[in-house]
file start24.cif (mmCIF, C-alpha atoms)
data_work
#
loop_
_atom_site.label_atom_id
_atom_site.label_comp_id
_atom_site.auth_asym_id
_atom_site.auth_seq_id
_atom_site.Cartn_x
_atom_site.Cartn_y
_atom_site.Cartn_z
CA MET N 111 97.14 159.09 -117.27
CA ASN N 112 97.43 156.51 -120.03
CA THR N 113 96.01 153.33 -118.57
CA ALA N 114 96.11 149.78 -119.96
CA VAL N 115 94.41 146.63 -118.72
CA LEU N 116 95.67 143.25 -119.84
CA TYR N 117 92.36 141.87 -121.04
CA SER N 118 90.95 138.42 -121.81
CA GLY N 119 87.20 139.10 -121.79
CA GLY N 120 86.84 137.18 -118.52
CA LYS N 121 85.31 138.45 -115.32
CA ASP N 122 88.56 139.28 -113.53
CA SER N 123 90.08 141.51 -116.19
CA SER N 124 86.64 143.06 -116.81
CA LEU N 125 86.38 143.87 -113.11
CA ILE N 126 89.74 145.62 -112.81
CA ALA N 127 88.81 147.61 -115.95
CA ILE N 128 85.52 148.75 -114.48
CA ILE N 129 87.08 149.61 -111.11
CA LEU N 130 89.66 151.78 -112.89
CA LYS N 131 86.89 153.47 -114.84
CA LYS N 132 84.82 154.08 -111.71
CA ILE N 133 87.75 155.78 -109.97
CA GLY N 134 88.34 158.13 -112.87
CA PHE N 135 90.70 156.43 -115.31
CA ASN N 136 89.82 155.47 -118.86
CA PRO N 137 91.69 152.24 -119.50
CA LYS N 138 92.38 150.74 -122.88
CA LEU N 139 91.83 146.99 -122.85
CA ILE N 140 94.72 145.10 -124.36
CA ASN N 141 94.70 141.51 -125.53
CA VAL N 142 98.09 139.97 -126.17
CA ASN N 143 98.58 137.83 -129.25
CA PHE N 144 101.61 135.82 -130.29
CA GLY N 145 100.63 135.27 -133.94
CA VAL N 146 99.69 131.61 -133.46
CA LEU N 147 95.87 131.91 -133.52
CA LYS N 148 93.42 134.77 -133.86
CA SER N 149 92.49 134.27 -130.24
CA TYR N 150 91.71 137.95 -129.62
CA ILE N 151 88.19 137.86 -131.07
CA PRO N 152 86.28 136.94 -127.85
CA ALA N 153 88.19 139.61 -125.85
CA MET N 154 87.43 142.18 -128.56
CA ILE N 155 83.71 141.38 -128.43
CA SER N 156 83.65 141.56 -124.62
CA ALA N 157 85.53 144.88 -124.58
CA LYS N 158 83.06 146.30 -127.12
CA SER N 159 80.10 145.09 -125.06
CA LEU N 160 81.47 147.14 -122.14
CA CYS N 161 82.21 150.19 -124.33
CA PHE N 162 85.95 150.20 -123.67
CA ASP N 163 88.68 150.97 -126.19
CA PHE N 164 90.43 147.78 -127.23
CA SER N 165 93.65 146.91 -128.94
CA ILE N 166 95.81 143.92 -129.66
CA LEU N 167 99.42 143.82 -128.51
CA GLU N 168 101.38 141.53 -130.81
CA LEU N 169 104.36 140.00 -129.09
CA ASP N 170 107.16 137.75 -130.26
CA LYS N 171 106.19 134.09 -130.64
CA GLU N 172 109.52 133.21 -128.99
CA ILE N 173 108.09 134.19 -125.60
CA LEU N 174 105.34 131.62 -126.06
CA GLU N 175 107.78 128.99 -127.36
CA LYS N 176 109.91 129.41 -124.24
CA GLY N 177 106.79 129.15 -122.05
CA VAL N 178 105.88 125.93 -123.85
CA ASP N 179 109.43 124.57 -123.34
CA ILE N 180 108.97 125.08 -119.59
CA ILE N 181 105.50 123.53 -119.54
CA ILE N 182 106.57 120.42 -121.47
CA LYS N 183 109.68 120.01 -119.30
CA ASP N 184 107.61 120.39 -116.10
CA GLY N 185 104.58 118.39 -117.24
CA PHE N 186 102.32 121.04 -115.68
CA PRO N 187 101.46 124.57 -116.76
CA ASN N 188 102.19 126.79 -113.73
CA ASN N 189 105.77 127.89 -114.28
CA GLY N 190 105.42 128.29 -118.03
CA MET N 191 102.24 130.36 -117.65
CA ASP N 192 103.93 132.50 -115.02
CA TYR N 193 106.92 133.06 -117.31
CA VAL N 194 104.70 134.17 -120.20
CA HIS N 195 102.67 136.50 -117.97
CA LYS N 196 105.75 138.24 -116.61
CA GLU N 197 107.18 138.71 -120.11
CA VAL N 198 103.85 140.19 -121.20
CA ILE N 199 103.82 142.62 -118.27
CA GLU N 200 107.42 143.65 -119.00
CA ASN N 201 106.58 144.30 -122.65
CA LEU N 202 103.36 146.14 -121.85
CA SER N 203 105.17 148.41 -119.43
CA ASP N 204 107.62 149.47 -122.14
CA LEU N 205 104.78 151.13 -124.06
CA LYS N 206 103.27 154.57 -123.52
CA TYR N 207 101.19 153.68 -120.48
CA ASP N 208 101.48 155.30 -117.05
CA ILE N 209 99.31 152.67 -115.37
CA ILE N 210 99.10 149.00 -116.25
CA ALA N 211 96.78 146.50 -114.62
CA ASP N 212 95.79 142.87 -114.83
CA GLY N 213 93.04 140.73 -113.33
CA THR N 214 95.16 138.52 -111.07
CA ARG N 215 93.43 137.96 -107.74
CA ARG N 216 94.41 137.54 -104.10
CA ASP N 217 93.76 133.78 -104.29
CA ASP N 218 95.61 133.19 -107.57
CA LYS N 219 98.78 131.16 -107.39
CA VAL N 220 99.89 131.71 -111.00
CA PRO N 221 100.27 133.84 -112.92
CA LYS N 222 101.20 136.13 -110.08
CA MET N 223 103.63 138.97 -109.55
CA THR N 224 105.28 138.92 -106.13
CA LYS N 225 105.47 142.17 -104.17
CA ASN N 226 109.19 142.39 -104.92
CA GLU N 227 108.61 141.84 -108.65
CA ILE N 228 105.96 144.55 -108.62
CA LYS N 229 108.24 146.98 -106.80
CA SER N 230 111.07 146.26 -109.23
CA LEU N 231 108.76 146.72 -112.23
CA GLU N 232 107.32 149.99 -110.96
CA ASP N 233 110.77 151.40 -110.16
CA ARG N 234 112.52 150.26 -113.35
CA LYS N 235 109.76 151.32 -115.74
CA ASN N 236 108.43 154.30 -113.79
CA ILE N 237 104.86 153.04 -114.00
CA HIS N 238 102.00 152.13 -111.70
CA TYR N 239 101.02 148.46 -111.63
CA LEU N 240 97.84 147.20 -110.07
CA ASN N 241 95.78 144.03 -109.93
CA LEU N 242 92.90 142.47 -107.97
CA ASP N 243 94.91 141.54 -104.86
CA SER N 244 92.48 143.50 -102.71
CA PHE N 245 89.78 140.94 -103.43
CA GLY N 246 89.19 137.25 -102.83
CA TYR N 247 87.32 135.09 -105.34
CA LYS N 248 84.05 135.23 -103.33
CA THR N 249 84.08 139.01 -103.32
CA ILE N 250 84.93 139.13 -107.02
CA ASP N 251 81.96 136.86 -107.78
CA LEU N 252 79.74 139.12 -105.70
CA ILE N 253 80.80 142.27 -107.54
CA VAL N 254 80.87 140.87 -111.09
CA ASN N 255 77.35 139.53 -110.55
CA LYS N 256 76.23 143.07 -109.81
CA PHE N 257 77.86 144.55 -112.90
CA PHE N 258 78.07 142.08 -115.74
CA GLU N 259 76.11 139.68 -117.87
CA PHE N 260 78.33 136.73 -118.62
CA ARG N 261 78.32 133.28 -120.11
CA LYS N 262 79.83 130.32 -118.33
CA GLU N 263 81.17 127.91 -120.92
CA LYS N 264 83.62 125.10 -121.28
CA SER N 265 86.81 126.88 -122.35
CA ASN N 266 87.74 126.24 -125.98
CA ARG N 267 89.62 127.77 -128.88
CA LYS N 268 86.61 129.77 -130.06
CA ASN N 269 85.46 131.38 -126.83
CA SER N 270 88.70 132.13 -125.02
CA SER N 271 91.28 134.89 -125.39
CA ASP N 272 93.79 134.09 -122.67
CA TYR N 273 97.34 132.90 -123.38
CA GLU N 274 96.30 129.32 -122.77
CA VAL N 275 94.64 129.06 -126.19
CA GLU N 276 97.80 129.71 -128.13
CA ILE N 277 99.93 127.75 -125.66
CA ARG N 278 97.73 124.66 -126.02
CA TYR N 279 97.95 124.94 -129.79
CA LEU N 280 101.75 125.03 -129.71
CA ILE N 281 101.90 122.07 -127.32
CA ASP N 282 99.69 119.99 -129.63
CA GLU N 283 101.71 121.13 -132.64
CA ARG N 284 104.84 119.72 -131.00
CA GLY N 285 103.15 116.32 -130.68
CA PHE N 286 102.26 116.53 -126.97
CA LYS N 287 98.73 116.40 -125.64
CA SER N 288 97.70 119.76 -124.17
CA SER N 289 94.53 118.11 -122.84
CA GLU N 290 96.68 116.04 -120.49
CA ILE N 291 98.56 119.11 -119.21
CA PHE N 292 95.69 121.60 -118.94
CA PRO N 293 92.62 120.31 -117.16
CA GLU N 294 89.34 121.05 -118.92
CA HIS N 295 87.73 124.04 -117.23
CA TYR N 296 84.79 126.38 -117.35
CA GLN N 297 85.32 130.05 -117.93
CA THR N 298 83.12 133.10 -117.66
CA ARG N 299 83.06 135.44 -120.61
CA VAL N 300 81.61 138.90 -120.06
CA VAL N 301 78.97 139.82 -122.67
CA GLY N 302 77.74 143.18 -121.39
CA PHE N 303 76.50 145.23 -118.46
CA LYS N 304 73.63 144.01 -116.37
CA ASN N 305 70.49 146.10 -116.73
CA ARG N 306 69.77 147.63 -113.36
CA MET J 173 75.19 143.93 -98.27
CA ASN J 174 76.11 145.50 -94.95
CA THR J 175 79.57 146.96 -95.43
CA ALA J 176 81.98 148.38 -92.84
CA VAL J 177 85.27 150.17 -93.31
CA LEU J 178 87.69 150.41 -90.42
CA TYR J 179 88.23 154.15 -90.53
CA SER J 180 90.82 156.58 -89.19
CA GLY J 181 90.15 159.65 -91.33
CA GLY J 182 93.42 159.13 -93.21
CA LYS J 183 93.83 158.79 -96.95
CA ASP J 184 94.07 155.01 -97.06
CA SER J 185 90.87 154.19 -95.21
CA SER J 186 89.13 157.06 -97.06
CA LEU J 187 90.23 155.53 -100.37
CA ILE J 188 88.93 152.03 -99.68
CA ALA J 189 85.65 153.63 -98.56
CA ILE J 190 85.29 155.60 -101.77
CA ILE J 191 86.22 152.61 -103.95
CA LEU J 192 83.53 150.55 -102.24
CA LYS J 193 81.03 153.34 -102.80
CA LYS J 194 81.97 153.68 -106.46
CA ILE J 195 81.41 149.97 -107.06
CA GLY J 196 77.96 150.04 -105.55
CA PHE J 197 78.32 149.44 -101.81
CA ASN J 198 77.40 151.92 -99.12
CA PRO J 199 79.94 151.41 -96.37
CA LYS J 200 79.59 152.59 -92.82
CA LEU J 201 82.86 154.04 -91.55
CA ILE J 202 83.84 152.63 -88.17
CA ASN J 203 86.41 154.05 -85.80
CA VAL J 204 87.53 151.78 -83.00
CA ASN J 205 87.90 153.17 -79.53
CA PHE J 206 89.21 151.50 -76.39
CA GLY J 207 87.88 154.00 -73.86
CA VAL J 208 91.26 155.56 -73.16
CA LEU J 209 90.89 158.83 -75.09
CA LYS J 210 88.15 160.39 -77.21
CA SER J 211 90.33 159.82 -80.26
CA TYR J 212 87.42 159.30 -82.65
CA ILE J 213 86.70 162.99 -83.21
CA PRO J 214 89.03 163.54 -86.23
CA ALA J 215 87.73 160.36 -87.93
CA MET J 216 84.15 161.46 -87.32
CA ILE J 217 84.81 164.88 -88.88
CA SER J 218 86.53 163.29 -91.92
CA ALA J 219 83.69 160.79 -92.42
CA LYS J 220 81.16 163.61 -92.28
CA SER J 221 83.14 165.66 -94.78
CA LEU J 222 82.82 162.71 -97.23
CA CYS J 223 79.11 162.20 -96.46
CA PHE J 224 79.52 158.67 -95.11
CA ASP J 225 77.68 157.12 -92.18
CA PHE J 226 80.00 156.85 -89.20
CA SER J 227 80.01 154.99 -85.95
CA ILE J 228 82.31 154.17 -83.08
CA LEU J 229 83.05 150.58 -82.16
CA GLU J 230 83.96 150.43 -78.49
CA LEU J 231 86.23 147.50 -77.72
CA ASP J 232 87.68 146.14 -74.51
CA LYS J 233 90.66 148.07 -73.18
CA GLU J 234 92.33 144.72 -72.45
CA ILE J 235 93.10 144.33 -76.16
CA LEU J 236 95.03 147.57 -76.06
CA GLU J 237 96.76 146.66 -72.77
CA LYS J 238 97.98 143.41 -74.31
CA GLY J 239 99.19 145.28 -77.40
CA VAL J 240 101.08 147.67 -75.12
CA ASP J 241 102.61 144.71 -73.21
CA ILE J 242 104.00 143.43 -76.51
CA ILE J 243 105.28 146.83 -77.61
CA ILE J 244 107.07 147.50 -74.31
CA LYS J 245 108.58 144.01 -74.27
CA ASP J 246 109.76 144.37 -77.90
CA GLY J 247 110.86 147.99 -77.66
CA PHE J 248 109.26 148.63 -81.07
CA PRO J 249 105.63 148.92 -82.14
CA ASN J 250 105.20 146.45 -85.03
CA ASN J 251 104.07 143.27 -83.31
CA GLY J 252 101.86 145.02 -80.79
CA MET J 253 100.18 147.10 -83.50
CA ASP J 254 99.64 143.98 -85.58
CA TYR J 255 98.12 142.19 -82.59
CA VAL J 256 95.68 145.03 -81.91
CA HIS J 257 94.69 145.27 -85.59
CA LYS J 258 93.90 141.58 -85.86
CA GLU J 259 91.82 141.66 -82.68
CA VAL J 260 89.92 144.63 -84.07
CA ILE J 261 89.24 142.81 -87.36
CA GLU J 262 88.06 139.70 -85.48
CA ASN J 263 85.69 141.78 -83.36
CA LEU J 264 84.39 143.79 -86.31
CA SER J 265 83.64 140.61 -88.24
CA ASP J 266 81.46 139.31 -85.40
CA LEU J 267 79.01 142.15 -86.00
CA LYS J 268 76.23 142.38 -88.58
CA TYR J 269 78.45 143.16 -91.57
CA ASP J 270 78.73 141.05 -94.74
CA ILE J 271 81.78 142.93 -95.99
CA ILE J 272 84.54 144.42 -93.88
CA ALA J 273 87.45 146.43 -95.21
CA ASP J 274 90.48 148.31 -94.04
CA GLY J 275 93.01 150.64 -95.64
CA THR J 276 96.10 148.43 -95.41
CA ARG J 277 98.19 148.70 -98.58
CA ARG J 278 100.37 146.46 -100.72
CA ASP J 279 103.52 148.07 -99.31
CA ASP J 280 102.47 147.99 -95.67
CA LYS J 281 104.41 145.67 -93.40
CA VAL J 282 102.20 146.05 -90.31
CA PRO J 283 99.41 145.97 -89.51
CA LYS J 284 98.85 143.39 -92.20
CA MET J 285 96.68 140.30 -92.61
CA THR J 286 98.45 137.46 -94.42
CA LYS J 287 96.58 135.63 -97.18
CA ASN J 288 96.11 132.65 -94.88
CA GLU J 289 94.78 134.83 -92.08
CA ILE J 290 92.34 136.44 -94.52
CA LYS J 291 91.16 133.08 -95.82
CA SER J 292 90.68 131.80 -92.28
CA LEU J 293 88.75 134.92 -91.28
CA GLU J 294 86.48 134.81 -94.34
CA ASP J 295 85.73 131.11 -93.84
CA ARG J 296 85.19 131.19 -90.07
CA LYS J 297 83.05 134.31 -90.04
CA ASN J 298 81.37 133.90 -93.43
CA ILE J 299 82.28 137.43 -94.47
CA HIS J 300 84.13 139.22 -97.26
CA TYR J 301 87.33 140.99 -96.25
CA LEU J 302 89.12 143.43 -98.47
CA ASN J 303 91.88 145.98 -98.26
CA LEU J 304 94.12 148.10 -100.53
CA ASP J 305 96.50 145.29 -101.55
CA SER J 306 95.78 146.01 -105.22
CA PHE J 307 97.60 149.32 -104.91
CA GLY J 308 101.10 150.54 -104.14
CA TYR J 309 101.70 153.76 -102.25
CA LYS J 310 102.49 155.74 -105.43
CA THR J 311 99.18 154.74 -106.99
CA ILE J 312 97.29 155.51 -103.78
CA ASP J 313 98.84 158.99 -103.71
CA LEU J 314 97.82 159.48 -107.33
CA ILE J 315 94.20 158.50 -106.70
CA VAL J 316 93.69 160.28 -103.37
CA ASN J 317 95.03 163.46 -104.94
CA LYS J 318 92.25 163.22 -107.54
CA PHE J 319 89.51 162.71 -104.98
CA PHE J 320 90.28 164.35 -101.68
CA GLU J 321 91.28 167.56 -100.02
CA PHE J 322 93.53 166.70 -97.13
CA ARG J 323 95.80 168.22 -94.54
CA LYS J 324 99.28 166.95 -93.92
CA GLU J 325 100.16 167.47 -90.29
CA LYS J 326 102.48 166.22 -87.63
CA SER J 327 100.49 163.43 -85.98
CA ASN J 328 99.29 164.28 -82.47
CA ARG J 329 96.59 163.44 -79.97
CA LYS J 330 94.20 166.05 -81.36
CA ASN J 331 94.32 165.28 -85.08
CA SER J 332 94.65 161.49 -85.20
CA SER J 333 92.14 158.68 -84.80
CA ASP J 334 94.24 155.58 -85.31
CA TYR J 335 95.02 153.10 -82.54
CA GLU J 336 98.40 154.70 -82.03
CA VAL J 337 96.92 157.62 -80.11
CA GLU J 338 95.48 155.49 -77.36
CA ILE J 339 98.45 153.12 -77.39
CA ARG J 340 100.90 155.99 -76.89
CA TYR J 341 98.82 157.31 -74.01
CA LEU J 342 98.90 153.92 -72.26
CA ILE J 343 102.65 153.57 -72.78
CA ASP J 344 103.26 156.98 -71.23
CA GLU J 345 100.85 156.18 -68.41
CA ARG J 346 102.96 153.14 -67.55
CA GLY J 347 106.02 155.36 -67.22
CA PHE J 348 107.67 154.53 -70.56
CA LYS J 349 108.34 157.12 -73.24
CA SER J 350 106.09 156.52 -76.28
CA SER J 351 108.08 159.17 -78.16
CA GLU J 352 111.10 156.84 -78.05
CA ILE J 353 109.11 153.89 -79.41
CA PHE J 354 106.98 155.62 -82.06
CA PRO J 355 108.91 157.90 -84.39
CA GLU J 356 107.32 161.30 -84.94
CA HIS J 357 105.50 161.22 -88.27
CA TYR J 358 103.33 163.22 -90.60
CA GLN J 359 99.87 162.04 -91.41
CA THR J 360 97.30 163.06 -93.98
CA ARG J 361 93.81 163.74 -92.73
CA VAL J 362 91.03 163.88 -95.30
CA VAL J 363 88.89 167.02 -94.98
CA GLY J 364 86.54 166.69 -97.97
CA PHE J 365 86.16 166.03 -101.67
CA LYS J 366 88.17 167.98 -104.17
CA ASN J 367 86.11 170.34 -106.30
CA ARG J 368 86.40 169.14 -109.85
#
call {"tool": "encode", "arguments": {"input": "start24.cif", "output": "structure tokens"}}
result
Amino acid sequence: MNTAVLYSGGKDSSLIAIILKKIGFNPKLINVNFGVLKSYIPAMISAKSLCFDFSILELDKEILEKGVDIIIKDGFPNNGMDYVHKEVIENLSDLKYDIIADGTRRDDKVPKMTKNEIKSLEDRKNIHYLNLDSFGYKTIDLIVNKFFEFRKEKSNRKNSSDYEVEIRYLIDERGFKSSEIFPEHYQTRVVGFKNR
Amino acid sequence: MNTAVLYSGGKDSSLIAIILKKIGFNPKLINVNFGVLKSYIPAMISAKSLCFDFSILELDKEILEKGVDIIIKDGFPNNGMDYVHKEVIENLSDLKYDIIADGTRRDDKVPKMTKNEIKSLEDRKNIHYLNLDSFGYKTIDLIVNKFFEFRKEKSNRKNSSDYEVEIRYLIDERGFKSSEIFPEHYQTRVVGFKNR
């Protein structure tokens, strides 16, 4: 089964990748890029540190522009981020993969596929979709601490590979202040397996 | 971490057990019994065939009686089954376990813990709860077919270890017809690992 994990280099997408591997699949880790910044480098390094295949999925910048339209109109990121994520999942599921997965968690509000959206996706595209809905954030912390070495850092353009990096850039480019829309936050970046 | 899986011998609870094992936990498989019938035998045999520790959690018959009250009043099993399941989870999380898990799936309607119920449980009891919400039924079928040998059989008193067996018995004992409330169904019972 061709298996793809939407991958940022963070602990959540690293965890779903390792779970898939442990239960017998061999996922390729995919970072999505919209041609705005070379934001895939940290994800590529993390994927390599975990010995997974990695590739970049280049998608149309228009998806990101529309996400940014929504974010600027709303004044907060949730709906725009959710829009971009769902477009990414739709595009990923049009490729050769039988199984696609992302690192969204039980406690996540956005981005988040509803059960009906998942059912529709699986039926329309004849694929399997899975995520981390089985797990709460406490349990995820417990498990990633067993498996991974990671760095906790203030998220910035150089250490982050999620959509937010390119979205922030576009917001600033349009003359708005992304720092007022996205709160500063710390992220964990996986840098390898823990020696056990 | 002391880990318990609520276990019936079916494919769903067998899958969550094996996932936990693969990610480094060593779950004990627990079948709940209310003292009505010795319905734990099939679960015990399945657990043994997968080389897991197994034990029986004996709970108060009153839980089951109240579930049956609800089912008879409603004329359908959903709410009563859900009630019994949540009581079982509450009781299980009062024991020595750090992590408790069950085999409920993304597509299941009942029994089913809502996100708020899960959060409340985890906070009140200071435990981790997890289930199979990451997976749809198609994906579960795919994975269990890789791992397990199982038998598909018409569910009956001799081959099933879920709550339904004891609940049906109590319904019949009260002079109602459980066969009119619970539709006849096929179940899969795990009988060992697949040779690969």
call {"tool": "resolve_selection", "arguments": {"input": "start24.cif", "expression": "the PyMOL selection byres ((chain J) within 8 of (chain N))", "output": "number ranges by chain"}}
result
J: 191, 194-195, 278-279, 287, 300-308, 310-311, 315
call {"tool": "resolve_selection", "arguments": {"input": "start24.cif", "expression": "the PyMOL selection byres ((chain N and resi 275) around 12)", "output": "PDB file with C-alpha atoms, keeping the file's coordinate frame"}}
result
ATOM      1  CA  SER N 118      90.950 138.420-121.810  1.00  0.00           C
ATOM      2  CA  VAL N 142      98.090 139.970-126.170  1.00  0.00           C
ATOM      3  CA  ASN N 143      98.580 137.830-129.250  1.00  0.00           C
ATOM      4  CA  PHE N 144     101.610 135.820-130.290  1.00  0.00           C
ATOM      5  CA  GLY N 145     100.630 135.270-133.940  1.00  0.00           C
ATOM      6  CA  VAL N 146      99.690 131.610-133.460  1.00  0.00           C
ATOM      7  CA  LEU N 147      95.870 131.910-133.520  1.00  0.00           C
ATOM      8  CA  LYS N 148      93.420 134.770-133.860  1.00  0.00           C
ATOM      9  CA  SER N 149      92.490 134.270-130.240  1.00  0.00           C
ATOM     10  CA  TYR N 150      91.710 137.950-129.620  1.00  0.00           C
ATOM     11  CA  ILE N 151      88.190 137.860-131.070  1.00  0.00           C
ATOM     12  CA  PRO N 152      86.280 136.940-127.850  1.00  0.00           C
ATOM     13  CA  LEU N 174     105.340 131.620-126.060  1.00  0.00           C
ATOM     14  CA  VAL N 178     105.880 125.930-123.850  1.00  0.00           C
ATOM     15  CA  MET N 191     102.240 130.360-117.650  1.00  0.00           C
ATOM     16  CA  SER N 265      86.810 126.880-122.350  1.00  0.00           C
ATOM     17  CA  ASN N 266      87.740 126.240-125.980  1.00  0.00           C
ATOM     18  CA  ARG N 267      89.620 127.770-128.880  1.00  0.00           C
ATOM     19  CA  LYS N 268      86.610 129.770-130.060  1.00  0.00           C
ATOM     20  CA  ASN N 269      85.460 131.380-126.830  1.00  0.00           C
ATOM     21  CA  SER N 270      88.700 132.130-125.020  1.00  0.00           C
ATOM     22  CA  SER N 271      91.280 134.890-125.390  1.00  0.00           C
ATOM     23  CA  ASP N 272      93.790 134.090-122.670  1.00  0.00           C
ATOM     24  CA  TYR N 273      97.340 132.900-123.380  1.00  0.00           C
ATOM     25  CA  GLU N 274      96.300 129.320-122.770  1.00  0.00           C
ATOM     26  CA  GLU N 276      97.800 129.710-128.130  1.00  0.00           C
ATOM     27  CA  ILE N 277      99.930 127.750-125.660  1.00  0.00           C
ATOM     28  CA  ARG N 278      97.730 124.660-126.020  1.00  0.00           C
ATOM     29  CA  TYR N 279      97.950 124.940-129.790  1.00  0.00           C
ATOM     30  CA  LEU N 280     101.750 125.030-129.710  1.00  0.00           C
ATOM     31  CA  ILE N 281     101.900 122.070-127.320  1.00  0.00           C
ATOM     32  CA  ASP N 282      99.690 119.990-129.630  1.00  0.00           C
ATOM     33  CA  SER N 288      97.700 119.760-124.170  1.00  0.00           C
ATOM     34  CA  SER N 289      94.530 118.110-122.840  1.00  0.00           C
ATOM     35  CA  PHE N 292      95.690 121.600-118.940  1.00  0.00           C
TER      36      PHE N 292
END
call {"tool": "closest_residue", "arguments": {"input": "start24.cif", "among": "N:Lys287, N:Lys138, N:Lys219, N:Lys121", "to": "Ile181 (chain N)", "atoms": "only C-alpha atoms"}}
result
N:Lys287
call {"tool": "resolve_selection", "arguments": {"input": "start24.cif", "expression": "the PyMOL selection byres ((chain N and resi 194) around 9)", "output": "list in words"}}
result
Ile173, Leu174, Lys176, Gly177, Asn189, Gly190, Met191, Asp192, Tyr193, His195, Lys196, Glu197, Val198, Ile199, Pro221 and Tyr273 of chain N
call {"tool": "write_last_selection", "arguments": {"input": "start24.cif", "atoms": "C-alpha atoms", "output": "mmCIF file, keeping the file's coordinate frame"}}
result
data_model
loop_
_atom_site.group_PDB
_atom_site.id
_atom_site.type_symbol
_atom_site.label_atom_id
_atom_site.label_comp_id
_atom_site.auth_asym_id
_atom_site.auth_seq_id
_atom_site.Cartn_x
_atom_site.Cartn_y
_atom_site.Cartn_z
ATOM 1 C CA ILE N 173 108.090 134.190 -125.600
ATOM 2 C CA LEU N 174 105.340 131.620 -126.060
ATOM 3 C CA LYS N 176 109.910 129.410 -124.240
ATOM 4 C CA GLY N 177 106.790 129.150 -122.050
ATOM 5 C CA ASN N 189 105.770 127.890 -114.280
ATOM 6 C CA GLY N 190 105.420 128.290 -118.030
ATOM 7 C CA MET N 191 102.240 130.360 -117.650
ATOM 8 C CA ASP N 192 103.930 132.500 -115.020
ATOM 9 C CA TYR N 193 106.920 133.060 -117.310
ATOM 10 C CA HIS N 195 102.670 136.500 -117.970
ATOM 11 C CA LYS N 196 105.750 138.240 -116.610
ATOM 12 C CA GLU N 197 107.180 138.710 -120.110
ATOM 13 C CA VAL N 198 103.850 140.190 -121.200
ATOM 14 C CA ILE N 199 103.820 142.620 -118.270
ATOM 15 C CA PRO N 221 100.270 133.840 -112.920
ATOM 16 C CA TYR N 273 97.340 132.900 -123.380
#
call {"tool": "atom_distance", "arguments": {"input": "start24.cif", "atom1": "CA of Gly119 (chain N)", "atom2": "CA of Asp270 (chain J)"}}
result
28.4 Å
call {"tool": "axis_aligned_box", "arguments": {"input": "start24.cif", "around": "region 150-163 of chain N", "padding_each_side": "3 Å", "output": "AutoDock Vina command-line options"}}
result
--center_x 85.9 --center_y 144.0 --center_z -126.6 --size_x 17.6 --size_y 20.0 --size_z 14.9
call {"tool": "atom_distance", "arguments": {"input": "start24.cif", "atom1": "CA of Asp313 (chain J)", "atom2": "CA of Asn236 (chain N)"}}
result
14.7 Å
